[in-house]
Amino acid sequence: YSHHHLHGECRLYSSELPQAPDLEQTVFLNERALFWTRHVDSGHSEPDLEALFERYRPTLVAPAHGSVIDRLDEMVELLKAGMAESRKQNRLVAARWAPTDGTR
């Protein structure tokens, strides 16, 4: 879930990292590793994720790269906030490049 880490930190649980991931890192991840978040409103996926976690109640999530997430409540809220911030920033970028002369 984060590519801002030092050597050896990928083997740590998220709770063992010297510094917890933050909103800025989550937005960075969305921009770089989850490029699709620029084109799809991930807010539609949040209820599905919540239903999945409610049904199976995982205690750990092992991402393809990065630390195993062992504080799910904290991380899920951070990921939602990061996705929301990415949506906000992408709307601002789209608005900046939108035609202003009414030719749209």
# chains A, B, ... in the order shown; residues from 1 in each chain; ligands from 1
call {"tool": "closest_atom_pairs", "arguments": {"of": "segment 7-45 of chain A", "to": "segment 59-73 of chain A", "cutoff": "9 Å", "atoms": "only C-alpha atoms", "output": "Markdown table"}}
result
| residue | atom | partner | partner_atom | distance |
| --- | --- | --- | --- | --- |
| A:Glu9 | CA | A:Ser67 | CA | 6.9 |
| A:Cys10 | CA | A:Ser67 | CA | 4.6 |
| A:Arg11 | CA | A:Ser67 | CA | 6.0 |
| A:Leu12 | CA | A:Ser67 | CA | 5.5 |
| A:Tyr13 | CA | A:Val68 | CA | 4.9 |
| A:Ser14 | CA | A:Ile69 | CA | 5.0 |
| A:Ser15 | CA | A:Asp70 | CA | 6.5 |
| A:Glu16 | CA | A:Ser67 | CA | 9.0 |
| A:Leu17 | CA | A:Ser67 | CA | 8.3 |
call {"tool": "residues_around", "arguments": {"residues": "Thr26 of chain A", "least_positions_apart": "4", "cutoff": "7 Å", "atoms": "only C-alpha atoms", "output": "mmCIF file with C-alpha atoms, in the first residue's frame"}}
result
data_model
loop_
_atom_site.group_PDB
_atom_site.id
_atom_site.type_symbol
_atom_site.label_atom_id
_atom_site.label_comp_id
_atom_site.auth_asym_id
_atom_site.auth_seq_id
_atom_site.Cartn_x
_atom_site.Cartn_y
_atom_site.Cartn_z
ATOM 1 C CA SER A 2 2.970 2.318 0.155
ATOM 2 C CA ASP A 22 -0.297 9.118 5.926
ATOM 3 C CA ASN A 30 -3.027 6.401 -6.151
ATOM 4 C CA LEU A 79 -7.296 4.459 2.137
ATOM 5 C CA GLY A 82 -6.726 8.969 0.200
#
call {"tool": "residues_around", "arguments": {"residues": "Ser42 of chain A", "least_positions_apart": "3", "cutoff": "12 Å", "atoms": "only C-alpha atoms", "output": "ChimeraX atom specification"}}
result
/A:30,34-39,45-49,79-88
call {"tool": "select_by_dssp", "arguments": {"residues": "chain A", "states": "alpha helix (DSSP H)", "output": "PyMOL selection string"}}
result
chain A and resi 23-32+46-56+72-97
call {"tool": "atom_distance", "arguments": {"atom1": "atom CA of Leu6 of chain A", "atom2": "atom CA of Gln25 of chain A"}}
result
13.8 Å
call {"tool": "atom_distance", "arguments": {"atom1": "atom CA of Leu23 of chain A", "atom2": "atom CA of Leu78 of chain A"}}
result
6.5 Å
call {"tool": "select_by_dssp", "arguments": {"residues": "chain A", "states": "strand (DSSP E or B)", "output": "list in words"}}
result
Tyr13, Val61, Val68 and Ile69 of chain A
call {"tool": "atom_distance", "arguments": {"atom1": "atom CA of Glu54 of chain A", "atom2": "atom CA of Ala20 of chain A"}}
result
24.3 Å
